[in-house]
Amino acid sequence: MSLERRAAMATLLAGRDDNLLVVPGLGSTAWDLAAAGDNDRNFYLWGAMGGAAMIGLGLALAQPTRRVAVITGDGEMLMGLGALATIGIQRPRNLAIVVFDNGVYGETGMQPSATQSGVDLVSVAGACGIGSCLDVRDQAALADLSRRLKGFDDTLFARVKIEAAEPPRVLPLRDGVALKQRFRAALGVKA
Amino acid sequence: MNAPIDWPDRLYETFKRAGIRQVGYVPDAGHARLIDRCRADPDIRDVVLTTEEEGVALAAGAWLGGERAALLMQSSGLGNCVNMLSLARTCRFPLLMLITMRGEWEEFNPWQQPMGSIVEPVLKLCEAEVYRVLNADEVAGAAERAVQVAFGDERIAAVVLSQQLIGKKVWTK
């Protein structure tokens with residue numbers, strides 16, 4: 001069973017509060033996040049493939065009183081798989097890594113990714129020492145993950161099995177400087 | 001090996017003056033003393049990386065959250081960063097890089113030469129300000145300048161620590 005990605009993103013972020021900061025991967029998860037509603041506390045990526053989880057780590061360490069959700073795709077996570085080891089060492093209590101896994105590279109023509117051949121990201125995350133690792137395959141598990149995103153206190157990893165569909169693109173702001181400035185302004189940070 | 005060195009302490013002192021709170025690194029012998037000092041500091045989160053490009057993303061996330069980060073690497077590690085530097089360039093994230101050189105002076109290992117020889121051109125192609133250090137008494141000034149450029153101007157600034165400064169690696173004991 002697979003979940004529909006746009007509905008899955010909407011469910012995860014339903015009732016989102018100002019203490020949830022979201023970093024999607026480039027491509028489909030960025031479109032999904034934009035489709036769920038723009039927010040100054042979203043830092044959309046249009047590049048930096050393989051870097052989403054590490055941006056989330058730096059942000060989570062810098063903002064220990066807020067929660068950070070990285071919501072990326074299987075291809076993006078696979079490119080930076082070492083980040084799971086790095087995060088497993090740091091284990092910030094306020095970082096969640098959510099991977100929308102459809103087993104394909106959707107932006108480039110649906111070529112199969114390693115997860116389709118059996119690479120199990122939930123097991124990888126667990127083996128890296130990430131405390132809570134979830135395999136989300138149905139609505140009940142998705143609703144549970146949505147609840148957890150509102151108040152977790154250990155590093156969280158979740159793989160969400162989504163169907164390999166390509167809904168119409170919803171393009172967010174793509175000016176990186178503007179995205180950075182508005183995100184920092186929303187948090188009220190100076191450094 | 002060589003006479004005791006203390007220039008890594010100048011880098012550490014610069015970190016403290018600049019308010020650096022996160023230090024990402026792939027372990028490197030030239031940075032060993034600085035890494036030890038950062039690890040011993042409860043106000044600095046030391047983040048050991050599996051590859052240097054993770055540190056470019058870490059520093060971006062830190063800045064989004066209002067903290068300053070630094071990234072330590074050996075010259076070979078710069079090659080692992082090149083695409084991720086697009087993140088810093090596109091969004092103008094501050095990125096303070098301290099790079100220890102290999103492959104340029106008294107180098108025993110020829111596999112270090114190809115990347116070592118292109119460190120400065122690669123940095124300049126990536127629009128980084130580069131501060132090369134040959135002597136220990138130049139370390140503090142170069143590091144201070146790099147801090148100003150990185151966090152004041154929101155740019156990439158790299159302190160390139162030459163192999164002459166670091167000393168010759170001992171291969172047989």
# chains A, B, ... in the order shown; residues from 1 in each chain; ligands from 1
call {"tool": "closest_atom_pairs", "arguments": {"of": "chain B", "to": "chain A", "cutoff": "8 Å", "atoms": "only C-alpha atoms", "output": "JSON lines"}}
result
{"residue": "B:Gln22", "atom": "CA", "partner": "A:Gly58", "partner_atom": "CA", "distance": 7.9}
{"residue": "B:Val47", "atom": "CA", "partner": "A:Gln90", "partner_atom": "CA", "distance": 7.2}
{"residue": "B:Val48", "atom": "CA", "partner": "A:Thr86", "partner_atom": "CA", "distance": 6.6}
{"residue": "B:Leu49", "atom": "CA", "partner": "A:Thr86", "partner_atom": "CA", "distance": 5.7}
{"residue": "B:Thr50", "atom": "CA", "partner": "A:Gly82", "partner_atom": "CA", "distance": 5.7}
{"residue": "B:Thr51", "atom": "CA", "partner": "A:Gly82", "partner_atom": "CA", "distance": 7.5}
{"residue": "B:Glu53", "atom": "CA", "partner": "A:Gly51", "partner_atom": "CA", "distance": 7.9}
{"residue": "B:Glu54", "atom": "CA", "partner": "A:Met54", "partner_atom": "CA", "distance": 5.9}
{"residue": "B:Gly55", "atom": "CA", "partner": "A:Met54", "partner_atom": "CA", "distance": 7.6}
{"residue": "B:Ala57", "atom": "CA", "partner": "A:Ile55", "partner_atom": "CA", "distance": 4.8}
{"residue": "B:Leu58", "atom": "CA", "partner": "A:Gly58", "partner_atom": "CA", "distance": 4.4}
{"residue": "B:Ala59", "atom": "CA", "partner": "A:Gly58", "partner_atom": "CA", "distance": 6.2}
{"residue": "B:Ala60", "atom": "CA", "partner": "A:Ile55", "partner_atom": "CA", "distance": 6.1}
{"residue": "B:Gly61", "atom": "CA", "partner": "A:Ile55", "partner_atom": "CA", "distance": 4.1}
{"residue": "B:Ala62", "atom": "CA", "partner": "A:Gly58", "partner_atom": "CA", "distance": 4.3}
{"residue": "B:Trp63", "atom": "CA", "partner": "A:Leu59", "partner_atom": "CA", "distance": 7.4}
{"residue": "B:Leu64", "atom": "CA", "partner": "A:Arg184", "partner_atom": "CA", "distance": 5.7}
{"residue": "B:Gly65", "atom": "CA", "partner": "A:Leu59", "partner_atom": "CA", "distance": 5.0}
{"residue": "B:Gly66", "atom": "CA", "partner": "A:Val189", "partner_atom": "CA", "distance": 5.0}
{"residue": "B:Glu67", "atom": "CA", "partner": "A:Ala62", "partner_atom": "CA", "distance": 5.6}
{"residue": "B:Arg68", "atom": "CA", "partner": "A:Ala191", "partner_atom": "CA", "distance": 7.0}
{"residue": "B:Asn83", "atom": "CA", "partner": "A:Ala48", "partner_atom": "CA", "distance": 7.0}
{"residue": "B:Met84", "atom": "CA", "partner": "A:Ala48", "partner_atom": "CA", "distance": 5.3}
{"residue": "B:Ser86", "atom": "CA", "partner": "A:Ala48", "partner_atom": "CA", "distance": 6.9}
{"residue": "B:Leu87", "atom": "CA", "partner": "A:Ala48", "partner_atom": "CA", "distance": 5.7}
{"residue": "B:Thr90", "atom": "CA", "partner": "A:Gly176", "partner_atom": "CA", "distance": 5.7}
{"residue": "B:Cys91", "atom": "CA", "partner": "A:Gly176", "partner_atom": "CA", "distance": 4.2}
{"residue": "B:Arg92", "atom": "CA", "partner": "A:Val177", "partner_atom": "CA", "distance": 6.2}
{"residue": "B:Phe151", "atom": "CA", "partner": "A:Ala191", "partner_atom": "CA", "distance": 8.0}
call {"tool": "select_by_dssp", "arguments": {"residues": "range 21-188 of chain A", "states": "strand (DSSP E)", "output": "MDAnalysis selection string"}}
result
chainID A and resid 21:24 67:73 95:101 104:105 111:112 132:136 156:161
call {"tool": "select_by_dssp", "arguments": {"residues": "range 115-150 of chain A", "states": "alpha helix (DSSP H)", "output": "NGL selection string"}}
result
:A and (121-127 or 139-149)
call {"tool": "write_last_selection", "arguments": {"atoms": "C-alpha atoms", "output": "PDB file, in the first residue's frame"}}
result
ATOM      1  CA  LEU A 121      16.270   3.360   4.778  1.00  0.00           C
ATOM      2  CA  VAL A 122      14.504   2.598   8.067  1.00  0.00           C
ATOM      3  CA  SER A 123      17.069  -0.071   8.863  1.00  0.00           C
ATOM      4  CA  VAL A 124      19.919   2.222   7.813  1.00  0.00           C
ATOM      5  CA  ALA A 125      18.658   4.966  10.126  1.00  0.00           C
ATOM      6  CA  GLY A 126      18.281   2.498  12.996  1.00  0.00           C
ATOM      7  CA  ALA A 127      21.757   1.102  12.417  1.00  0.00           C
ATOM      8  CA  GLN A 139      -3.136   6.421   6.943  1.00  0.00           C
ATOM      9  CA  ALA A 140      -3.068   5.367  10.570  1.00  0.00           C
ATOM     10  CA  ALA A 141       0.725   5.419  10.687  1.00  0.00           C
ATOM     11  CA  LEU A 142       0.763   8.733   8.824  1.00  0.00           C
ATOM     12  CA  ALA A 143      -1.619  10.271  11.347  1.00  0.00           C
ATOM     13  CA  ASP A 144       0.615   8.965  14.127  1.00  0.00           C
ATOM     14  CA  LEU A 145       3.664  10.575  12.499  1.00  0.00           C
ATOM     15  CA  SER A 146       1.757  13.854  12.147  1.00  0.00           C
ATOM     16  CA  ARG A 147       1.032  13.783  15.888  1.00  0.00           C
ATOM     17  CA  ARG A 148       4.665  13.038  16.667  1.00  0.00           C
ATOM     18  CA  LEU A 149       5.836  16.030  14.599  1.00  0.00           C
TER      19      LEU A 149
END
call {"tool": "atom_distance", "arguments": {"atom1": "CA of Leu98 in chain B", "atom2": "CA of Ala29 in chain B"}}
result
13.1 Å
call {"tool": "closest_residue", "arguments": {"among": "B:Thr100, B:Asn135, B:Gln112, B:Gln164", "to": "Gln74 in chain B", "atoms": "only C-alpha atoms"}}
result
B:Thr100
call {"tool": "atom_distance", "arguments": {"atom1": "CA of Phe93 in chain B", "atom2": "CA of Ala150 in chain B"}}
result
8.2 Å
call {"tool": "closest_residue", "arguments": {"among": "B:Trp171, B:Trp105, B:Tyr25, B:Phe15", "to": "Val147 in chain B", "atoms": "only C-alpha atoms"}}
result
B:Phe15
call {"tool": "atom_distance", "arguments": {"atom1": "CA of Glu120 in chain B", "atom2": "CA of Glu104 in chain B"}}
result
11.9 Å
call {"tool": "residues_around", "arguments": {"residues": "Ile99 in chain B", "least_positions_apart": "6", "cutoff": "9 Å", "atoms": "only C-alpha atoms", "output": "list in words"}}
result
His31, Leu71, Leu72, Met73, Gln74, Ser75, Gly77, Leu78, Ala158, Val159, Val160, Leu161 and Ser162 of chain B
call {"tool": "decode", "arguments": {"residues": "range 38-146 of chain A", "atoms": "C-alpha atoms", "output": "PDB file, in the first residue's frame"}}
result
ATOM      1  CA  ASP A  38       3.683  28.598   1.872  1.00  0.00           C
ATOM      2  CA  ASN A  39       5.237  29.512   5.200  1.00  0.00           C
ATOM      3  CA  ASP A  40       8.162  31.744   6.169  1.00  0.00           C
ATOM      4  CA  ARG A  41       9.444  28.836   8.249  1.00  0.00           C
ATOM      5  CA  ASN A  42       9.976  26.705   5.128  1.00  0.00           C
ATOM      6  CA  PHE A  43      13.440  26.734   3.601  1.00  0.00           C
ATOM      7  CA  TYR A  44      12.884  25.373   0.098  1.00  0.00           C
ATOM      8  CA  LEU A  45      15.805  23.791  -1.694  1.00  0.00           C
ATOM      9  CA  TRP A  46      16.184  24.039  -5.453  1.00  0.00           C
ATOM     10  CA  GLY A  47      19.597  22.373  -5.410  1.00  0.00           C
ATOM     11  CA  ALA A  48      22.116  21.097  -2.845  1.00  0.00           C
ATOM     12  CA  MET A  49      21.071  17.503  -3.507  1.00  0.00           C
ATOM     13  CA  GLY A  50      22.140  15.323  -0.589  1.00  0.00           C
ATOM     14  CA  GLY A  51      22.256  18.256   1.810  1.00  0.00           C
ATOM     15  CA  ALA A  52      18.746  18.515   3.246  1.00  0.00           C
ATOM     16  CA  ALA A  53      19.316  16.365   6.341  1.00  0.00           C
ATOM     17  CA  MET A  54      22.530  18.220   7.198  1.00  0.00           C
ATOM     18  CA  ILE A  55      20.863  21.618   6.846  1.00  0.00           C
ATOM     19  CA  GLY A  56      18.306  20.233   9.258  1.00  0.00           C
ATOM     20  CA  LEU A  57      21.040  19.171  11.671  1.00  0.00           C
ATOM     21  CA  GLY A  58      22.721  22.584  11.724  1.00  0.00           C
ATOM     22  CA  LEU A  59      19.355  24.249  12.193  1.00  0.00           C
ATOM     23  CA  ALA A  60      18.220  21.857  14.935  1.00  0.00           C
ATOM     24  CA  LEU A  61      21.454  22.384  16.879  1.00  0.00           C
ATOM     25  CA  ALA A  62      21.091  26.156  16.546  1.00  0.00           C
ATOM     26  CA  GLN A  63      17.415  26.185  17.553  1.00  0.00           C
ATOM     27  CA  PRO A  64      17.062  23.650  20.374  1.00  0.00           C
ATOM     28  CA  THR A  65      13.685  25.020  21.509  1.00  0.00           C
ATOM     29  CA  ARG A  66      12.076  24.575  18.092  1.00  0.00           C
ATOM     30  CA  ARG A  67      11.390  21.405  16.109  1.00  0.00           C
ATOM     31  CA  VAL A  68      12.937  20.802  12.696  1.00  0.00           C
ATOM     32  CA  ALA A  69      11.435  18.479  10.092  1.00  0.00           C
ATOM     33  CA  VAL A  70      13.449  17.591   7.015  1.00  0.00           C
ATOM     34  CA  ILE A  71      11.008  16.122   4.504  1.00  0.00           C
ATOM     35  CA  THR A  72      12.884  14.806   1.510  1.00  0.00           C
ATOM     36  CA  GLY A  73      12.795  12.105  -1.151  1.00  0.00           C
ATOM     37  CA  ASP A  74      14.527   8.742  -1.349  1.00  0.00           C
ATOM     38  CA  GLY A  75      16.919   9.871  -4.085  1.00  0.00           C
ATOM     39  CA  GLU A  76      17.975  12.960  -2.151  1.00  0.00           C
ATOM     40  CA  MET A  77      18.454  10.955   1.047  1.00  0.00           C
ATOM     41  CA  LEU A  78      20.479   8.292  -0.751  1.00  0.00           C
ATOM     42  CA  MET A  79      22.889  10.922  -2.088  1.00  0.00           C
ATOM     43  CA  GLY A  80      23.656  12.041   1.458  1.00  0.00           C
ATOM     44  CA  LEU A  81      23.260   8.738   3.266  1.00  0.00           C
ATOM     45  CA  GLY A  82      26.341   9.464   5.384  1.00  0.00           C
ATOM     46  CA  ALA A  83      24.360  12.259   7.017  1.00  0.00           C
ATOM     47  CA  LEU A  84      22.386   9.609   8.885  1.00  0.00           C
ATOM     48  CA  ALA A  85      25.629   8.465  10.523  1.00  0.00           C
ATOM     49  CA  THR A  86      26.544  12.057  11.349  1.00  0.00           C
ATOM     50  CA  ILE A  87      23.085  12.720  12.794  1.00  0.00           C
ATOM     51  CA  GLY A  88      23.147   9.417  14.684  1.00  0.00           C
ATOM     52  CA  ILE A  89      26.190  10.675  16.576  1.00  0.00           C
ATOM     53  CA  GLN A  90      24.691  14.097  17.400  1.00  0.00           C
ATOM     54  CA  ARG A  91      21.143  12.881  18.043  1.00  0.00           C
ATOM     55  CA  PRO A  92      19.459  16.258  18.492  1.00  0.00           C
ATOM     56  CA  ARG A  93      16.146  15.750  20.250  1.00  0.00           C
ATOM     57  CA  ASN A  94      14.402  18.233  17.971  1.00  0.00           C
ATOM     58  CA  LEU A  95      15.227  16.835  14.523  1.00  0.00           C
ATOM     59  CA  ALA A  96      12.956  14.642  12.426  1.00  0.00           C
ATOM     60  CA  ILE A  97      13.996  13.224   9.062  1.00  0.00           C
ATOM     61  CA  VAL A  98      11.041  12.141   6.952  1.00  0.00           C
ATOM     62  CA  VAL A  99      11.692  10.441   3.620  1.00  0.00           C
ATOM     63  CA  PHE A 100       8.957  10.252   1.000  1.00  0.00           C
ATOM     64  CA  ASP A 101       9.974   7.001  -0.658  1.00  0.00           C
ATOM     65  CA  ASN A 102       8.497   6.108  -4.032  1.00  0.00           C
ATOM     66  CA  GLY A 103      11.482   4.101  -5.221  1.00  0.00           C
ATOM     67  CA  VAL A 104      12.060   6.322  -8.234  1.00  0.00           C
ATOM     68  CA  TYR A 105      13.704   9.553  -9.335  1.00  0.00           C
ATOM     69  CA  GLY A 106      10.469  11.320 -10.233  1.00  0.00           C
ATOM     70  CA  GLU A 107      11.902  14.596 -11.510  1.00  0.00           C
ATOM     71  CA  THR A 108      14.069  12.937 -14.119  1.00  0.00           C
ATOM     72  CA  GLY A 109      11.803  10.338 -15.673  1.00  0.00           C
ATOM     73  CA  MET A 110      10.957   7.761 -13.005  1.00  0.00           C
ATOM     74  CA  GLN A 111      14.249   5.857 -13.088  1.00  0.00           C
ATOM     75  CA  PRO A 112      14.435   3.313 -10.230  1.00  0.00           C
ATOM     76  CA  SER A 113      16.282   4.280  -7.051  1.00  0.00           C
ATOM     77  CA  ALA A 114      18.155   1.935  -4.734  1.00  0.00           C
ATOM     78  CA  THR A 115      15.168   1.637  -2.403  1.00  0.00           C
ATOM     79  CA  GLN A 116      13.279  -0.129  -5.184  1.00  0.00           C
ATOM     80  CA  SER A 117      15.966  -2.814  -5.147  1.00  0.00           C
ATOM     81  CA  GLY A 118      15.588  -3.335  -1.439  1.00  0.00           C
ATOM     82  CA  VAL A 119      17.767  -0.721   0.250  1.00  0.00           C
ATOM     83  CA  ASP A 120      15.893  -0.190   3.510  1.00  0.00           C
ATOM     84  CA  LEU A 121      16.270   3.360   4.778  1.00  0.00           C
ATOM     85  CA  VAL A 122      14.504   2.598   8.067  1.00  0.00           C
ATOM     86  CA  SER A 123      17.069  -0.071   8.863  1.00  0.00           C
ATOM     87  CA  VAL A 124      19.919   2.222   7.813  1.00  0.00           C
ATOM     88  CA  ALA A 125      18.658   4.966  10.126  1.00  0.00           C
ATOM     89  CA  GLY A 126      18.281   2.498  12.996  1.00  0.00           C
ATOM     90  CA  ALA A 127      21.757   1.102  12.417  1.00  0.00           C
ATOM     91  CA  CYS A 128      23.089   4.685  12.564  1.00  0.00           C
ATOM     92  CA  GLY A 129      21.739   5.034  16.082  1.00  0.00           C
ATOM     93  CA  ILE A 130      18.687   7.180  15.398  1.00  0.00           C
ATOM     94  CA  GLY A 131      16.335   6.438  18.262  1.00  0.00           C
ATOM     95  CA  SER A 132      12.873   6.329  16.744  1.00  0.00           C
ATOM     96  CA  CYS A 133      12.603   4.855  13.275  1.00  0.00           C
ATOM     97  CA  LEU A 134       9.192   4.428  11.698  1.00  0.00           C
ATOM     98  CA  ASP A 135       8.002   2.747   8.532  1.00  0.00           C
ATOM     99  CA  VAL A 136       4.846   4.594   7.505  1.00  0.00           C
ATOM    100  CA  ARG A 137       2.704   2.669   5.053  1.00  0.00           C
ATOM    101  CA  ASP A 138      -0.896   3.608   5.789  1.00  0.00           C
ATOM    102  CA  GLN A 139      -3.136   6.421   6.943  1.00  0.00           C
ATOM    103  CA  ALA A 140      -3.068   5.367  10.570  1.00  0.00           C
ATOM    104  CA  ALA A 141       0.725   5.419  10.687  1.00  0.00           C
ATOM    105  CA  LEU A 142       0.763   8.733   8.824  1.00  0.00           C
ATOM    106  CA  ALA A 143      -1.619  10.271  11.347  1.00  0.00           C
ATOM    107  CA  ASP A 144       0.615   8.965  14.127  1.00  0.00           C
ATOM    108  CA  LEU A 145       3.664  10.575  12.499  1.00  0.00           C
ATOM    109  CA  SER A 146       1.757  13.854  12.147  1.00  0.00           C
TER     110      SER A 146
END
